There are 4 protein chains.
Amino acid sequence: MEHSFTPTIYHDTLGSHDPVLRVRSGDTIVTTTLDAAGRDADGEQAGPPGNPQTGPFHVEGAQPGDTLAVRFDRIRPNRGYGFCSRRLMPNVLDPGYRNDPASEEWLQFRIDPEAATATLEDGPQSLGDLTVLLRPMLGCFGVTPSRGQSISAATAGQHGGNMDYNGFVGGVTAYLPVFVEGALMHIGDGHAWQGDGEILGTGIETSMDVRLTVWVIKEKGINWPRGENDGYVFTVGNARPLDQALQHATTEMMRWLQDDFGLDGLSANILVGTYAEYDVGNVIDPAFTMVCKLPKRVLPPRAS
Amino acid sequence: MEHSFTPTIYHDTLGSHDPVLRVRSGDTIVTTTLDAAGRDADGEQAGPPGNPQTGPFHVEGAQPGDTLAVRFDRIRPNRGYGFCSRRLMPNVLDPGYRNDPASEEWLQFRIDPEAATATLEDGPQSLGDLTVLLRPMLGCFGVTPSRGQSISAATAGQHGGNMDYNGFVGGVTAYLPVFVEGALMHIGDGHAWQGDGEILGTGIETSMDVRLTVWVIKEKGINWPRGENDGYVFTVGNARPLDQALQHATTEMMRWLQDDFGLDGLSANILVGTYAEYDVGNVIDPAFTMVCKLPKRVLPPRAS
Amino acid sequence: MEHSFTPTIYHDTLGSHDPVLRVRSGDTIVTTTLDAAGRDADGEQAGPPGNPQTGPFHVEGAQPGDTLAVRFDRIRPNRGYGFCSRRLMPNVLDPGYRNDPASEEWLQFRIDPEAATATLEDGPQSLGDLTVLLRPMLGCFGVTPSRGQSISAATAGQHGGNMDYNGFVGGVTAYLPVFVEGALMHIGDGHAWQGDGEILGTGIETSMDVRLTVWVIKEKGINWPRGENDGYVFTVGNARPLDQALQHATTEMMRWLQDDFGLDGLSANILVGTYAEYDVGNVIDPAFTMVCKLPKRVLPPRAS
Amino acid sequence: MEHSFTPTIYHDTLGSHDPVLRVRSGDTIVTTTLDAAGRDADGEQAGPPGNPQTGPFHVEGAQPGDTLAVRFDRIRPNRGYGFCSRRLMPNVLDPGYRNDPASEEWLQFRIDPEAATATLEDGPQSLGDLTVLLRPMLGCFGVTPSRGQSISAATAGQHGGNMDYNGFVGGVTAYLPVFVEGALMHIGDGHAWQGDGEILGTGIETSMDVRLTVWVIKEKGINWPRGENDGYVFTVGNARPLDQALQHATTEMMRWLQDDFGLDGLSANILVGTYAEYDVGNVIDPAFTMVCKLPKRVLPPRAS
């Protein structure tokens, strides 16, 4: 079943808020997200700043200990512009390095949906017409965390959240551990484009049209977000420092191979050690994000 | 001028050892490296274990404050097998995670130079004929470090060293800061293949035929190793934790853009923030390695 | 005014739960806390495991942007025993170090309130009668965090929380930033004794009688928890890695000196650089805790 | 036997330099060290800047796999002044925090040996006559590292080096792993006083008279520096981040208890977990230093 949902309320935490919609496993939701500052497709302030989330969506039958699968069928900017920071975050540069761009104003990008591009407006002359091909993604999405927590949409954890990983684009299926009945999923913080690490502190922030489909996988517990696209399966660790995020992601991949692909420990070690590729998610939020990927072509058939 | 050099002595530190060969800026060296355990093309123990280095090569005219450019014209295994660890290093997994492969023996890979593949021998049945396409690289190379130091070939720093970055393959030009007269370059630790992070603690370790060309760039100081291939320029930070390695790499890229590409600070911020891609070098040596890459197609012409 | 409060409900998050008691600035609260596992003075399971919190206490007049001062007038075990882990947490030992105590059972300590001691029962013979002098403290306390969050009592942040710092003993006054109306303070996780870092994962966990007095300091914003005892003022940073916790604590001390003690930047640099002493709070929770202390005898009189 | 040694040569690395003196196990050396900038008791530039080291001292009979014990019998400033930085190192403050002391000039301290004090000269008025009681220590000392390395006196490792721990004062016995024949010990970088973490980047830097006694402990391998004073035994980890330095120190203490004090694993866990106290050594050098201490009064008698 497909639900068309127009949000009227937005939350700046992922938590046990009243569900805005109840759907079933296999259902599709067509909806929108505000930009990180809380503005909608018309540029109106429709929610609080700080990655306001659309949702939560209650998925019937999801129970703690299950896994929620979310396929992002489509993520598409629904307005003609986005904003972006002009200055690298201080924590990604050497302590003591002087980094002095002229001002703190936002950069403005014009988004051309036909050409699927975003172009910097009034940028420095030396950059010419800086234009990127759109790569729309959701910076922040997740389920309601464990233990009755409500966690700010500025940070990330085992429940997902503000991972700011530029691999969460249309076509990807994400897997999230379910901590509360109904899973209570949230989405927001769309980026028309984002560099590795989100080192400016933002991507090209804009409001989005989102279409997604959810499934409940019963009695399957996972520890950290997982995902897959056409070519890869991947696992996501959220923590500081990056080393720890990498530990979480690598360990989760080891579990996945042994739980679902029928591999013994030795085989899992060899496969991960040989083929793992790491992507840096964000390195500027309260929790950093590291992604461990394995090419699907090297995997045995899924046992479960 | 091309020098064919057959090494007879190997060092397990990068330091002010007697030069084994003196070359000029622009010269090419054709030589060999031992595997990480000190064995040569015939499997003979020819040097100490622990990434024994061929060299150092003295490059005429190189002075502290200059930069040494090294193009790896060719890196090719010169024997039919390599060895590899079978167990992920404990520091890449969650503390407390039980990881128990059956044994600690080395994996053996058969290297087929014609097919350009390496195939695991006697591996676990579930992995079938695990075969990778060769991607030969040097895990450890660098110049003699600053301040009269001799630093173990097991670790890395501003002078290069054991970065274990799988992007240092044939065709790449690396740039290294010169700290001593003649630069005194070392090379070793060839991997026929290595996954991201070298998380097994090894790649597929083998001896190599190496051909490289060196140039001295006068009065050009850099802080950290840099490199370029057909598509990218990149900078390399070596430190723990990964966050700090990332800071070094990102800061070095900021310097490069402003020093050589004529960009002002604001433009450099925008370009790095928009286009930077991070590669994880090693995450298991005493210093971790993070690489910051920028696509050449987005760069202005080099001003210097 | 003194309030004697007997809790009947406990929360395992610090959040905007219904206040259990409303008090005024200057009031004293006499109450109890459960042990970390949720058991009370009689050993009954009275709350959920995981540092269940007594509270929240609503302090009249406290508004976001104010500071809440909390003096712990008395912290005293209210039963004759406590439990403790027998095994160091894996993250405080070198990755790969084999640490194999005989079992995972809890250690039991007999608490003697007269002698003010805790003695290990049935411990290994080689330790004899391991006995510590009581040093009762609260491992977890804090206010309701910013932005509508409810945060697990297992971790810590700017709002306080599970800092597990063994300096939070009777006689200490803690300062906490107020994020919500009424501040909504929580207390729990009493330790009859705790070593530096809480590296076993627990202290000697027991239920407590607690007497505390609260004050609202209007229009005074602080960024991180602060405290003072007879000899020291101190600031507390909660983050991973320890380096970052240290940055937060040191920066907060710099602010304190300049905001309240009338020091200019240079003087604050010299004073902190000369006299700062660091204490390690916890190094095993999701956020580590580092404390920066300055002896009161070296401080100028408080300007505000 | 007591050797009075007047140095004429100084090294800015710890390495296999020609020994300046050969002594026997049990001998005492009376000598001097330069200040960190290379100036002697008369203020003359006598060595290179950067913690120039007196030595190396060759201790007869010391072999790789042994331990060198060094008792600092006396460490005493031999001139009337020292210098100190006026600005906290940027890495100990939050990224982005603006810290702007008026200038970068060195602070000058007048050292009064009679009163055993150091007094800031021409300091900011708000600090009055800032005076500290002398607590003279050696910031950098160690043996020649493993594997033929020469390592800068600016950093630290298993061989000791620039630990900048303010607990290395007169009366302390340090233990160092021996990596080369004769151990080849170096000393330097005296501080008349140093705050925790050496967060200014310096202590009160001055030249010193040093008297020390050395012993070789045969066939006793240790992994990291250890020490003891009247009240404590302690272990020292040198690495980044602090978390890793803490892992090294804690693990080394676990080994010490089991190797020398006859404790089984469980007892060692309980003792370290209950009584460990952590001191922060330096947090500004290339390797940070964390110290794990145990009170001697809680230890069983030494078994070896």
# chains A, B, ... in the order shown; residues from 1 in each chain; ligands from 1

$ interface_residues --of "chain D" --to "chain A" --cutoff "6 Å" --atoms "only C-alpha atoms" --output "ChimeraX atom specification"
/D:90-91,95-96

$ select_by_dssp --residues "segment 25-130 of chain D" --states "strand (DSSP E or B)" --output "ChimeraX atom specification"
/D:28-33,39,45,53-59,67-77,81-84,107-112,117-121

$ residues_around --residues "segment 42-44 of chain B" --least-positions-apart "6" --cutoff "9 Å" --atoms "only C-alpha atoms" --output "PyMOL selection string"
chain B and resi 78-79+207

$ closest_residue --among "C:Asn166, C:Thr67, C:Gln158, C:Gln149" --to "Ala239 of chain C" --atoms "only C-alpha atoms"
C:Gln158

$ residues_around --residues "segment 288-302 of chain D" --least-positions-apart "4" --cutoff "7 Å" --atoms "only C-alpha atoms" --output "PyMOL selection string"
chain D and resi 163+231-242+245-246+249-250+260-261+275-284

$ decode --residues "segment 258-279 of chain A" --atoms "N, CA, C and O atoms" --output "mmCIF file, in the first residue's frame"
data_model
loop_
_atom_site.group_PDB
_atom_site.id
_atom_site.type_symbol
_atom_site.label_atom_id
_atom_site.label_comp_id
_atom_site.auth_asym_id
_atom_site.auth_seq_id
_atom_site.Cartn_x
_atom_site.Cartn_y
_atom_site.Cartn_z
ATOM 1 N N GLN A 258 28.751 -13.893 9.438
ATOM 2 C CA GLN A 258 28.593 -15.165 10.143
ATOM 3 C C GLN A 258 27.121 -15.493 10.384
ATOM 4 O O GLN A 258 26.733 -16.660 10.348
ATOM 5 N N ASP A 259 26.299 -14.462 10.596
ATOM 6 C CA ASP A 259 24.878 -14.725 10.880
ATOM 7 C C ASP A 259 24.085 -15.041 9.611
ATOM 8 O O ASP A 259 23.231 -15.911 9.622
ATOM 9 N N ASP A 260 24.356 -14.319 8.549
ATOM 10 C CA ASP A 260 23.464 -14.395 7.391
ATOM 11 C C ASP A 260 24.081 -15.082 6.180
ATOM 12 O O ASP A 260 23.361 -15.473 5.260
ATOM 13 N N PHE A 261 25.390 -15.156 6.139
ATOM 14 C CA PHE A 261 26.017 -15.703 4.934
ATOM 15 C C PHE A 261 26.688 -17.046 5.201
ATOM 16 O O PHE A 261 27.434 -17.552 4.373
ATOM 17 N N GLY A 262 26.438 -17.588 6.379
ATOM 18 C CA GLY A 262 26.886 -18.941 6.667
ATOM 19 C C GLY A 262 28.387 -19.123 6.745
ATOM 20 O O GLY A 262 28.893 -20.229 6.590
ATOM 21 N N LEU A 263 29.104 -18.050 6.993
ATOM 22 C CA LEU A 263 30.560 -18.166 7.051
ATOM 23 C C LEU A 263 31.028 -18.481 8.464
ATOM 24 O O LEU A 263 30.474 -17.985 9.442
ATOM 25 N N ASP A 264 32.060 -19.303 8.558
ATOM 26 C CA ASP A 264 32.696 -19.495 9.855
ATOM 27 C C ASP A 264 33.605 -18.310 10.147
ATOM 28 O O ASP A 264 33.804 -17.421 9.307
ATOM 29 N N GLY A 265 34.165 -18.266 11.351
ATOM 30 C CA GLY A 265 34.965 -17.128 11.777
ATOM 31 C C GLY A 265 36.173 -16.897 10.891
ATOM 32 O O GLY A 265 36.466 -15.764 10.492
ATOM 33 N N LEU A 266 36.883 -17.957 10.556
ATOM 34 C CA LEU A 266 38.073 -17.800 9.723
ATOM 35 C C LEU A 266 37.721 -17.202 8.364
ATOM 36 O O LEU A 266 38.362 -16.253 7.893
ATOM 37 N N SER A 267 36.681 -17.745 7.754
ATOM 38 C CA SER A 267 36.284 -17.235 6.430
ATOM 39 C C SER A 267 35.867 -15.770 6.511
ATOM 40 O O SER A 267 36.180 -14.967 5.617
ATOM 41 N N ALA A 268 35.181 -15.421 7.579
ATOM 42 C CA ALA A 268 34.761 -14.029 7.741
ATOM 43 C C ALA A 268 35.980 -13.122 7.896
ATOM 44 O O ALA A 268 36.048 -12.040 7.297
ATOM 45 N N ASN A 269 36.953 -13.540 8.674
ATOM 46 C CA ASN A 269 38.181 -12.764 8.808
ATOM 47 C C ASN A 269 38.843 -12.530 7.451
ATOM 48 O O ASN A 269 39.233 -11.413 7.114
ATOM 49 N N ILE A 270 38.962 -13.602 6.697
ATOM 50 C CA ILE A 270 39.666 -13.478 5.405
ATOM 51 C C ILE A 270 38.895 -12.575 4.448
ATOM 52 O O ILE A 270 39.472 -11.709 3.784
ATOM 53 N N LEU A 271 37.571 -12.762 4.421
ATOM 54 C CA LEU A 271 36.780 -11.994 3.470
ATOM 55 C C LEU A 271 36.783 -10.503 3.810
ATOM 56 O O LEU A 271 36.992 -9.649 2.935
ATOM 57 N N VAL A 272 36.578 -10.197 5.082
ATOM 58 C CA VAL A 272 36.589 -8.788 5.492
ATOM 59 C C VAL A 272 37.991 -8.206 5.309
ATOM 60 O O VAL A 272 38.170 -7.100 4.785
ATOM 61 N N GLY A 273 38.994 -8.966 5.723
ATOM 62 C CA GLY A 273 40.353 -8.452 5.631
ATOM 63 C C GLY A 273 40.796 -8.213 4.198
ATOM 64 O O GLY A 273 41.563 -7.296 3.911
ATOM 65 N N THR A 274 40.303 -9.026 3.299
ATOM 66 C CA THR A 274 40.716 -8.891 1.902
ATOM 67 C C THR A 274 39.938 -7.806 1.178
ATOM 68 O O THR A 274 40.504 -7.025 0.419
ATOM 69 N N TYR A 275 38.646 -7.738 1.415
ATOM 70 C CA TYR A 275 37.799 -6.931 0.544
ATOM 71 C C TYR A 275 37.181 -5.698 1.191
ATOM 72 O O TYR A 275 36.533 -4.905 0.495
ATOM 73 N N ALA A 276 37.305 -5.531 2.490
ATOM 74 C CA ALA A 276 36.619 -4.398 3.104
ATOM 75 C C ALA A 276 37.089 -3.084 2.491
ATOM 76 O O ALA A 276 38.275 -2.880 2.241
ATOM 77 N N GLU A 277 36.139 -2.200 2.245
ATOM 78 C CA GLU A 277 36.439 -0.824 1.846
ATOM 79 C C GLU A 277 35.766 0.080 2.866
ATOM 80 O O GLU A 277 34.636 -0.162 3.258
ATOM 81 N N TYR A 278 36.497 1.103 3.277
ATOM 82 C CA TYR A 278 35.922 2.016 4.272
ATOM 83 C C TYR A 278 35.532 3.331 3.614
ATOM 84 O O TYR A 278 36.297 3.897 2.827
ATOM 85 N N ASP A 279 34.351 3.802 3.971
ATOM 86 C CA ASP A 279 33.931 5.152 3.608
ATOM 87 C C ASP A 279 33.834 5.978 4.889
ATOM 88 O O ASP A 279 33.346 5.485 5.919
#
